[in-house]
>>> print(open('data21.cif').read())   # mmCIF, C-alpha atoms
data_structure
loop_
_atom_site.group_PDB
_atom_site.id
_atom_site.type_symbol
_atom_site.label_atom_id
_atom_site.label_comp_id
_atom_site.auth_asym_id
_atom_site.auth_seq_id
_atom_site.Cartn_x
_atom_site.Cartn_y
_atom_site.Cartn_z
ATOM 1 C CA MET A 1142 73.590 131.700 90.642
ATOM 2 C CA THR A 1143 76.770 131.579 92.663
ATOM 3 C CA ILE A 1144 77.198 128.602 94.936
ATOM 4 C CA ALA A 1145 80.534 129.715 96.288
ATOM 5 C CA HIS A 1146 82.785 132.684 95.833
ATOM 6 C CA ASP A 1147 85.747 130.379 95.262
ATOM 7 C CA PRO A 1148 86.153 129.604 91.533
ATOM 8 C CA ILE A 1149 87.777 126.247 92.336
ATOM 9 C CA ALA A 1150 84.687 125.168 94.273
ATOM 10 C CA LEU A 1151 82.494 126.215 91.360
ATOM 11 C CA ASN A 1152 84.464 123.991 89.011
ATOM 12 C CA THR A 1153 83.986 120.958 91.266
ATOM 13 C CA PHE A 1154 80.316 120.742 90.367
ATOM 14 C CA ALA A 1155 79.143 118.472 87.584
ATOM 15 C CA PRO A 1156 77.720 119.674 84.276
ATOM 16 C CA LEU A 1157 74.963 122.235 84.118
ATOM 17 C CA VAL A 1158 71.327 121.194 84.003
ATOM 18 C CA ASP A 1159 69.019 123.931 82.730
ATOM 19 C CA GLY A 1160 71.870 126.393 83.271
ATOM 20 C CA LEU A 1161 72.402 125.347 86.908
ATOM 21 C CA PRO A 1162 75.059 123.097 88.431
ATOM 22 C CA ALA A 1163 73.967 119.472 88.654
ATOM 23 C CA LEU A 1164 74.814 118.895 92.292
ATOM 24 C CA GLU A 1165 75.984 115.455 93.299
ATOM 25 C CA LEU A 1166 76.145 113.618 96.600
ATOM 26 C CA GLY A 1167 78.495 115.355 98.976
ATOM 27 C CA SER A 1168 77.734 118.790 97.522
ATOM 28 C CA ALA A 1169 76.512 120.238 100.854
ATOM 29 C CA GLY A 1170 80.089 120.007 102.127
ATOM 30 C CA LEU A 1171 81.307 122.187 99.255
ATOM 31 C CA LEU A 1172 79.223 125.187 100.279
ATOM 32 C CA PRO A 1173 80.916 128.067 102.071
ATOM 33 C CA GLY A 1174 80.336 127.980 105.815
ATOM 34 C CA PRO A 1175 79.452 130.738 108.292
ATOM 35 C CA ALA A 1176 82.643 132.752 107.654
ATOM 36 C CA GLY A 1177 82.023 132.684 103.907
ATOM 37 C CA VAL A 1178 78.400 133.678 104.422
ATOM 38 C CA ARG A 1179 79.452 136.643 106.528
ATOM 39 C CA ALA A 1180 82.090 137.746 103.987
ATOM 40 C CA GLU A 1181 79.614 137.594 101.087
ATOM 41 C CA LEU A 1182 76.979 139.360 103.178
ATOM 42 C CA GLU A 1183 79.437 142.181 103.972
ATOM 43 C CA ARG A 1184 80.245 142.519 100.273
ATOM 44 C CA ARG A 1185 76.554 142.711 99.340
ATOM 45 C CA VAL A 1186 75.594 145.059 102.188
ATOM 46 C CA ALA A 1187 78.171 147.517 100.852
ATOM 47 C CA ARG A 1188 76.196 147.589 97.586
ATOM 48 C CA ALA A 1189 72.701 147.482 99.130
ATOM 49 C CA ALA A 1190 71.826 151.020 98.054
ATOM 50 C CA HIS A 1191 72.162 150.094 94.363
ATOM 51 C CA ARG A 1192 69.380 147.505 94.202
ATOM 52 C CA PRO A 1193 67.123 145.577 96.585
ATOM 53 C CA ARG A 1194 68.597 142.506 98.257
ATOM 54 C CA ALA A 1195 67.563 140.131 101.016
ATOM 55 C CA LEU A 1196 68.991 137.338 103.134
ATOM 56 C CA VAL A 1197 66.913 134.185 103.591
ATOM 57 C CA VAL A 1198 68.073 131.703 106.218
ATOM 58 C CA LEU A 1199 66.422 128.338 105.621
ATOM 59 C CA GLY A 1200 66.487 126.046 108.642
ATOM 60 C CA LEU A 1201 65.669 122.358 108.542
ATOM 61 C CA LEU A 1202 63.249 121.021 111.139
ATOM 62 C CA ARG A 1203 63.006 117.390 112.149
ATOM 63 C CA ARG A 1204 60.598 115.670 114.514
ATOM 64 C CA ASP A 1205 63.466 113.787 116.155
ATOM 65 C CA ASP A 1206 66.224 116.350 116.592
ATOM 66 C CA THR A 1207 68.545 114.216 118.712
ATOM 67 C CA TRP A 1208 70.680 113.053 115.776
ATOM 68 C CA PRO A 1209 72.606 115.183 113.290
ATOM 69 C CA THR A 1210 70.922 115.771 109.948
ATOM 70 C CA SER A 1211 72.060 113.068 107.536
ATOM 71 C CA PRO A 1212 74.404 113.965 104.671
ATOM 72 C CA GLY A 1213 71.814 112.635 102.192
ATOM 73 C CA VAL A 1214 69.183 115.070 103.472
ATOM 74 C CA LEU A 1215 71.691 117.937 103.386
ATOM 75 C CA ASP A 1216 72.692 117.059 99.818
ATOM 76 C CA ALA A 1217 69.069 116.811 98.654
ATOM 77 C CA THR A 1218 68.291 120.163 100.285
ATOM 78 C CA THR A 1219 71.380 121.746 98.733
ATOM 79 C CA ALA A 1220 70.279 120.588 95.285
ATOM 80 C CA LEU A 1221 66.727 121.834 95.907
ATOM 81 C CA VAL A 1222 67.916 125.277 96.998
ATOM 82 C CA ALA A 1223 70.400 125.538 94.108
ATOM 83 C CA ARG A 1224 67.650 124.739 91.572
ATOM 84 C CA THR A 1225 65.464 127.483 93.060
ATOM 85 C CA LEU A 1226 68.015 130.290 92.788
ATOM 86 C CA ARG A 1227 68.532 132.759 89.948
ATOM 87 C CA GLY A 1228 71.405 134.645 88.305
ATOM 88 C CA ASP A 1229 73.175 136.607 91.038
ATOM 89 C CA ASP A 1230 71.701 134.734 94.010
ATOM 90 C CA TRP A 1231 74.251 133.162 96.366
ATOM 91 C CA LEU A 1232 74.103 130.032 98.515
ATOM 92 C CA GLY A 1233 76.081 129.080 101.612
ATOM 93 C CA ARG A 1234 75.690 127.197 104.885
ATOM 94 C CA SER A 1235 75.084 129.343 107.967
ATOM 95 C CA GLY A 1236 74.826 126.430 110.410
ATOM 96 C CA PRO A 1237 74.750 122.640 110.610
ATOM 97 C CA ALA A 1238 71.163 122.453 109.283
ATOM 98 C CA GLU A 1239 70.837 125.982 107.891
ATOM 99 C CA PHE A 1240 71.294 127.461 104.447
ATOM 100 C CA ALA A 1241 71.946 131.157 103.812
ATOM 101 C CA VAL A 1242 70.565 132.471 100.539
ATOM 102 C CA LEU A 1243 71.450 135.993 99.425
ATOM 103 C CA LEU A 1244 68.882 137.134 96.896
ATOM 104 C CA ASP A 1245 68.856 140.002 94.460
ATOM 105 C CA GLY A 1246 65.287 141.221 94.681
ATOM 106 C CA SER A 1247 62.679 142.814 96.890
ATOM 107 C CA ALA A 1248 61.375 141.623 100.248
ATOM 108 C CA ASP A 1249 58.310 140.273 98.441
ATOM 109 C CA ASP A 1250 60.608 138.275 96.130
ATOM 110 C CA ALA A 1251 62.348 136.866 99.212
ATOM 111 C CA ASP A 1252 58.977 135.906 100.729
ATOM 112 C CA ALA A 1253 58.072 134.002 97.550
ATOM 113 C CA VAL A 1254 61.440 132.224 97.354
ATOM 114 C CA ALA A 1255 61.329 131.285 101.052
ATOM 115 C CA ALA A 1256 57.805 129.882 100.689
ATOM 116 C CA ARG A 1257 58.929 127.843 97.660
ATOM 117 C CA LEU A 1258 61.942 126.523 99.576
ATOM 118 C CA THR A 1259 60.000 125.491 102.684
ATOM 119 C CA ALA A 1260 57.392 123.729 100.514
ATOM 120 C CA GLY A 1261 60.166 122.068 98.503
ATOM 121 C CA VAL A 1262 61.847 120.668 101.606
ATOM 122 C CA ALA A 1263 58.534 119.190 102.751
ATOM 123 C CA ALA A 1264 58.125 117.606 99.305
ATOM 124 C CA LEU A 1265 61.540 115.891 99.469
ATOM 125 C CA GLY A 1266 59.761 112.953 101.077
ATOM 126 C CA SER A 1267 62.066 112.523 104.057
ATOM 127 C CA SER A 1268 59.935 111.408 107.001
ATOM 128 C CA GLY A 1269 59.505 114.116 109.624
ATOM 129 C CA LEU A 1270 61.533 116.700 107.691
ATOM 130 C CA GLY A 1271 60.328 120.261 107.234
ATOM 131 C CA ALA A 1272 61.809 123.730 107.081
ATOM 132 C CA GLY A 1273 61.215 127.251 108.276
ATOM 133 C CA ALA A 1274 62.753 130.447 106.943
ATOM 134 C CA GLY A 1275 63.786 133.824 108.292
ATOM 135 C CA ILE A 1276 64.203 136.858 106.049
ATOM 136 C CA ALA A 1277 66.052 140.130 106.533
ATOM 137 C CA VAL A 1278 66.289 142.874 103.921
ATOM 138 C CA LEU A 1279 69.733 144.340 103.256
ATOM 139 C CA GLU A 1280 69.444 148.045 103.985
ATOM 140 C CA ASP A 1281 71.872 150.879 103.446
ATOM 141 C CA GLY A 1282 73.683 151.620 106.708
ATOM 142 C CA VAL A 1283 72.831 148.292 108.383
ATOM 143 C CA ALA A 1284 75.908 146.160 109.102
ATOM 144 C CA ALA A 1285 76.223 142.605 107.806
ATOM 145 C CA GLY A 1286 76.226 141.212 111.347
ATOM 146 C CA GLU A 1287 72.949 142.950 112.091
ATOM 147 C CA VAL A 1288 71.344 141.625 108.887
ATOM 148 C CA LEU A 1289 72.442 138.103 109.836
ATOM 149 C CA ARG A 1290 71.119 138.585 113.383
ATOM 150 C CA ARG A 1291 67.748 139.740 112.033
ATOM 151 C CA ALA A 1292 67.436 136.779 109.666
ATOM 152 C CA THR A 1293 68.480 134.325 112.384
ATOM 153 C CA LEU A 1294 66.024 135.847 114.857
ATOM 154 C CA SER A 1295 63.270 135.533 112.245
ATOM 155 C CA LEU A 1296 64.267 131.901 111.608
ATOM 156 C CA SER A 1297 64.026 131.159 115.344
ATOM 157 C CA THR A 1298 60.501 132.576 115.352
ATOM 158 C CA ALA A 1299 59.611 130.546 112.244
ATOM 159 C CA ARG A 1300 60.987 127.347 113.791
ATOM 160 C CA SER A 1301 58.899 127.959 116.918
ATOM 161 C CA ALA A 1302 55.772 128.258 114.756
ATOM 162 C CA GLY A 1303 56.531 125.033 112.879
ATOM 163 C CA ALA A 1304 57.463 123.676 109.482
ATOM 164 C CA GLY A 1305 56.440 125.737 106.471
ATOM 165 C CA THR A 1306 56.567 129.047 108.354
ATOM 166 C CA VAL A 1307 58.308 132.073 106.847
ATOM 167 C CA VAL A 1308 58.993 135.150 109.001
ATOM 168 C CA ARG A 1309 60.374 138.417 107.648
ATOM 169 C CA TYR A 1310 62.091 140.805 110.049
ATOM 170 C CA ARG A 1311 60.010 143.977 110.188
ATOM 171 C CA GLY A 1312 61.792 145.972 112.854
ATOM 172 C CA VAL A 1313 61.297 146.722 116.482
ATOM 173 C CA ARG A 1314 57.785 147.057 117.868
#
>>> encode(input="data21.cif", output="structure tokens")
Amino acid sequence: MTIAHDPIALNTFAPLVDGLPALELGSAGLLPGPAGVRAELERRVARAAHRPRALVVLGLLRRDDTWPTSPGVLDATTALVARTLRGDDWLGRSGPAEFAVLLDGSADDADAVAARLTAGVAALGSSGLGAGAGIAVLEDGVAAGEVLRRATLSLSTARSAGAGTVVRYRGVR
């Protein structure tokens, strides 16, 4: 699993636990932001024809959304997502309370990972916290910006439906 494309950022994480970085408090701030997500997405879209890939955007949902999401919740979610990922999967932040996960695998794999992530966020035990997820498959000939738009649109639909909802982009009706 790659948490960041910057080798210096990778070395800032603590020792490995079960082959994954043991993330510490403050780790959410070490993730690449929207520009890094877009750059990695462009790199992976260019190779989309070689093997199946998908983008999952996990968005946190809170009952009281008038305050920013606390750093502790962001750190706990970062650790949860990092523990869920595999070999070549990649994690970044696509928004203030959103995580972008680039997965190597089919759309069905992405559905399973997204369902695990939304259930995991609910199990963190933070009162009123849930998550929804939007999925877009990386397709040959579809630009990175369009893949991100599709995943974000799907996340908006999932958020409207409520915590625990996963929506995969399936095209225009």
>>> atom_distance(input="data21.cif", atom1="CA of Leu1221 (chain A)", atom2="CA of Gly1261 (chain A)")
7.1 Å
>>> residues_around(input="data21.cif", residues="region 1231-1243 of chain A", least_positions_apart="3", cutoff="8 Å", atoms="all atoms listed in the file", output="PyMOL selection string")
chain A and resi 1142-1145+1172-1175+1177-1178+1182+1194-1201+1210+1215+1222-1223+1226
>>> closest_residue(input="data21.cif", among="A:Ala1220, A:Ala1285, A:Val1307, A:Ala1251", to="Arg1185 (chain A)", atoms="only C-alpha atoms")
A:Ala1285
>>> resolve_selection(input="data21.cif", expression="the PyMOL selection byres ((chain A and resi 1275-1278) around 9)", output="number ranges by chain")
A: 1193-1200, 1247-1248, 1251-1252, 1255, 1273-1274, 1279-1280, 1288-1300, 1306-1311
>>> closest_residue(input="data21.cif", among="A:Glu1183, A:Arg1203, A:Asp1229, A:Ala1176", to="Ser1268 (chain A)", atoms="only C-alpha atoms")
A:Arg1203
>>> axis_aligned_box(input="data21.cif", around="region 1283-1292 of chain A", padding_each_side="8 Å", output="JSON")
{"center_x": 71.8, "center_y": 142.5, "center_z": 110.6, "size_x": 24.8, "size_y": 27.5, "size_z": 21.6}
>>> atom_distance(input="data21.cif", atom1="CA of Ala1180 (chain A)", atom2="CA of Ala1272 (chain A)")
24.8 Å
>>> closest_residue(input="data21.cif", among="A:Arg1224, A:Arg1184, A:His1191, A:Arg1204", to="Ser1267 (chain A)", atoms="all atoms listed in the file")
A:Arg1204
>>> atom_distance(input="data21.cif", atom1="CA of Leu1258 (chain A)", atom2="CA of Gly1271 (chain A)")
10.0 Å
>>> closest_residue(input="data21.cif", among="A:Glu1181, A:Gly1303, A:Gly1282, A:Arg1227", to="Gly1246 (chain A)", atoms="only C-alpha atoms")
A:Arg1227
>>> closest_residue(input="data21.cif", among="A:Gly1305, A:Arg1188, A:Arg1179, A:Leu1244", to="Asp1281 (chain A)", atoms="only C-alpha atoms")
A:Arg1188
>>> closest_residue(input="data21.cif", among="A:Ala1302, A:Ala1260, A:Leu1270, A:Ala1284", to="Val1214 (chain A)", atoms="only C-alpha atoms")
A:Leu1270
>>> decode(input="data21.cif", residues="region 1183-1217 of chain A", atoms="N, CA and C atoms", output="mmCIF file, in the first residue's frame")
data_model
loop_
_atom_site.group_PDB
_atom_site.id
_atom_site.type_symbol
_atom_site.label_atom_id
_atom_site.label_comp_id
_atom_site.auth_asym_id
_atom_site.auth_seq_id
_atom_site.Cartn_x
_atom_site.Cartn_y
_atom_site.Cartn_z
ATOM 1 N N GLU A 1183 -4.085 10.650 -12.462
ATOM 2 C CA GLU A 1183 -3.644 10.789 -13.858
ATOM 3 C C GLU A 1183 -2.630 9.713 -14.215
ATOM 4 N N ARG A 1184 -1.720 9.431 -13.286
ATOM 5 C CA ARG A 1184 -0.712 8.390 -13.534
ATOM 6 C C ARG A 1184 -1.381 7.027 -13.700
ATOM 7 N N ARG A 1185 -2.368 6.734 -12.870
ATOM 8 C CA ARG A 1185 -3.025 5.422 -12.928
ATOM 9 C C ARG A 1185 -3.996 5.314 -14.097
ATOM 10 N N VAL A 1186 -4.636 6.400 -14.477
ATOM 11 C CA VAL A 1186 -5.535 6.373 -15.637
ATOM 12 C C VAL A 1186 -4.739 6.027 -16.889
ATOM 13 N N ALA A 1187 -3.516 6.531 -16.977
ATOM 14 C CA ALA A 1187 -2.675 6.257 -18.141
ATOM 15 C C ALA A 1187 -2.381 4.762 -18.274
ATOM 16 N N ARG A 1188 -2.464 4.032 -17.167
ATOM 17 C CA ARG A 1188 -2.195 2.588 -17.203
ATOM 18 C C ARG A 1188 -3.460 1.757 -17.014
ATOM 19 N N ALA A 1189 -4.626 2.364 -17.151
ATOM 20 C CA ALA A 1189 -5.893 1.687 -16.861
ATOM 21 C C ALA A 1189 -6.157 0.488 -17.765
ATOM 22 N N ALA A 1190 -5.633 0.511 -18.971
ATOM 23 C CA ALA A 1190 -5.895 -0.590 -19.905
ATOM 24 C C ALA A 1190 -5.176 -1.880 -19.490
ATOM 25 N N HIS A 1191 -4.153 -1.768 -18.646
ATOM 26 C CA HIS A 1191 -3.344 -2.929 -18.287
ATOM 27 C C HIS A 1191 -3.986 -3.823 -17.234
ATOM 28 N N ARG A 1192 -4.740 -3.250 -16.331
ATOM 29 C CA ARG A 1192 -5.436 -4.031 -15.309
ATOM 30 C C ARG A 1192 -6.539 -3.179 -14.694
ATOM 31 N N PRO A 1193 -7.559 -3.833 -14.137
ATOM 32 C CA PRO A 1193 -8.695 -3.073 -13.589
ATOM 33 C C PRO A 1193 -8.293 -2.249 -12.375
ATOM 34 N N ARG A 1194 -8.845 -1.032 -12.330
ATOM 35 C CA ARG A 1194 -8.591 -0.112 -11.218
ATOM 36 C C ARG A 1194 -9.850 0.681 -10.940
ATOM 37 N N ALA A 1195 -9.964 1.176 -9.705
ATOM 38 C CA ALA A 1195 -11.126 1.982 -9.343
ATOM 39 C C ALA A 1195 -10.716 3.051 -8.337
ATOM 40 N N LEU A 1196 -11.495 4.117 -8.309
ATOM 41 C CA LEU A 1196 -11.335 5.178 -7.328
ATOM 42 C C LEU A 1196 -12.516 5.118 -6.378
ATOM 43 N N VAL A 1197 -12.236 5.046 -5.088
ATOM 44 C CA VAL A 1197 -13.263 5.114 -4.049
ATOM 45 C C VAL A 1197 -13.031 6.417 -3.302
ATOM 46 N N VAL A 1198 -14.070 7.246 -3.221
ATOM 47 C CA VAL A 1198 -13.995 8.452 -2.397
ATOM 48 C C VAL A 1198 -14.885 8.204 -1.186
ATOM 49 N N LEU A 1199 -14.246 8.138 -0.028
ATOM 50 C CA LEU A 1199 -14.935 7.904 1.239
ATOM 51 C C LEU A 1199 -15.175 9.251 1.897
ATOM 52 N N GLY A 1200 -16.427 9.558 2.180
ATOM 53 C CA GLY A 1200 -16.770 10.832 2.802
ATOM 54 C C GLY A 1200 -17.373 10.630 4.175
ATOM 55 N N LEU A 1201 -16.834 11.349 5.155
ATOM 56 C CA LEU A 1201 -17.366 11.246 6.511
ATOM 57 C C LEU A 1201 -18.676 12.022 6.603
ATOM 58 N N LEU A 1202 -19.587 11.482 7.390
ATOM 59 C CA LEU A 1202 -20.882 12.111 7.642
ATOM 60 C C LEU A 1202 -21.039 12.272 9.146
ATOM 61 N N ARG A 1203 -21.476 13.455 9.547
ATOM 62 C CA ARG A 1203 -21.716 13.691 10.969
ATOM 63 C C ARG A 1203 -23.099 14.276 11.145
ATOM 64 N N ARG A 1204 -23.748 13.927 12.254
ATOM 65 C CA ARG A 1204 -25.080 14.490 12.517
ATOM 66 C C ARG A 1204 -25.017 15.993 12.643
ATOM 67 N N ASP A 1205 -24.027 16.506 13.367
ATOM 68 C CA ASP A 1205 -23.860 17.948 13.524
ATOM 69 C C ASP A 1205 -22.699 18.371 12.635
ATOM 70 N N ASP A 1206 -23.000 18.917 11.487
ATOM 71 C CA ASP A 1206 -21.957 19.251 10.515
ATOM 72 C C ASP A 1206 -21.559 20.714 10.567
ATOM 73 N N THR A 1207 -21.801 21.392 11.686
ATOM 74 C CA THR A 1207 -21.464 22.810 11.752
ATOM 75 C C THR A 1207 -20.030 23.050 12.186
ATOM 76 N N TRP A 1208 -19.360 22.050 12.720
ATOM 77 C CA TRP A 1208 -17.973 22.182 13.148
ATOM 78 C C TRP A 1208 -17.076 21.329 12.254
ATOM 79 N N PRO A 1209 -15.831 21.741 12.088
ATOM 80 C CA PRO A 1209 -14.909 20.894 11.308
ATOM 81 C C PRO A 1209 -14.719 19.539 11.981
ATOM 82 N N THR A 1210 -14.418 18.539 11.184
ATOM 83 C CA THR A 1210 -14.152 17.206 11.718
ATOM 84 C C THR A 1210 -12.874 17.264 12.553
ATOM 85 N N SER A 1211 -12.917 16.687 13.737
ATOM 86 C CA SER A 1211 -11.775 16.784 14.649
ATOM 87 C C SER A 1211 -10.568 16.024 14.112
ATOM 88 N N PRO A 1212 -9.365 16.502 14.437
ATOM 89 C CA PRO A 1212 -8.155 15.788 14.010
ATOM 90 C C PRO A 1212 -8.123 14.344 14.502
ATOM 91 N N GLY A 1213 -8.637 14.080 15.714
ATOM 92 C CA GLY A 1213 -8.652 12.716 16.232
ATOM 93 C C GLY A 1213 -9.487 11.782 15.372
ATOM 94 N N VAL A 1214 -10.639 12.263 14.913
ATOM 95 C CA VAL A 1214 -11.498 11.459 14.039
ATOM 96 C C VAL A 1214 -10.811 11.235 12.699
ATOM 97 N N LEU A 1215 -10.178 12.277 12.165
ATOM 98 C CA LEU A 1215 -9.465 12.137 10.889
ATOM 99 C C LEU A 1215 -8.314 11.142 11.009
ATOM 100 N N ASP A 1216 -7.583 11.206 12.120
ATOM 101 C CA ASP A 1216 -6.469 10.276 12.326
ATOM 102 C C ASP A 1216 -6.961 8.837 12.466
ATOM 103 N N ALA A 1217 -8.041 8.641 13.219
ATOM 104 C CA ALA A 1217 -8.588 7.291 13.395
ATOM 105 C C ALA A 1217 -9.081 6.741 12.060
#
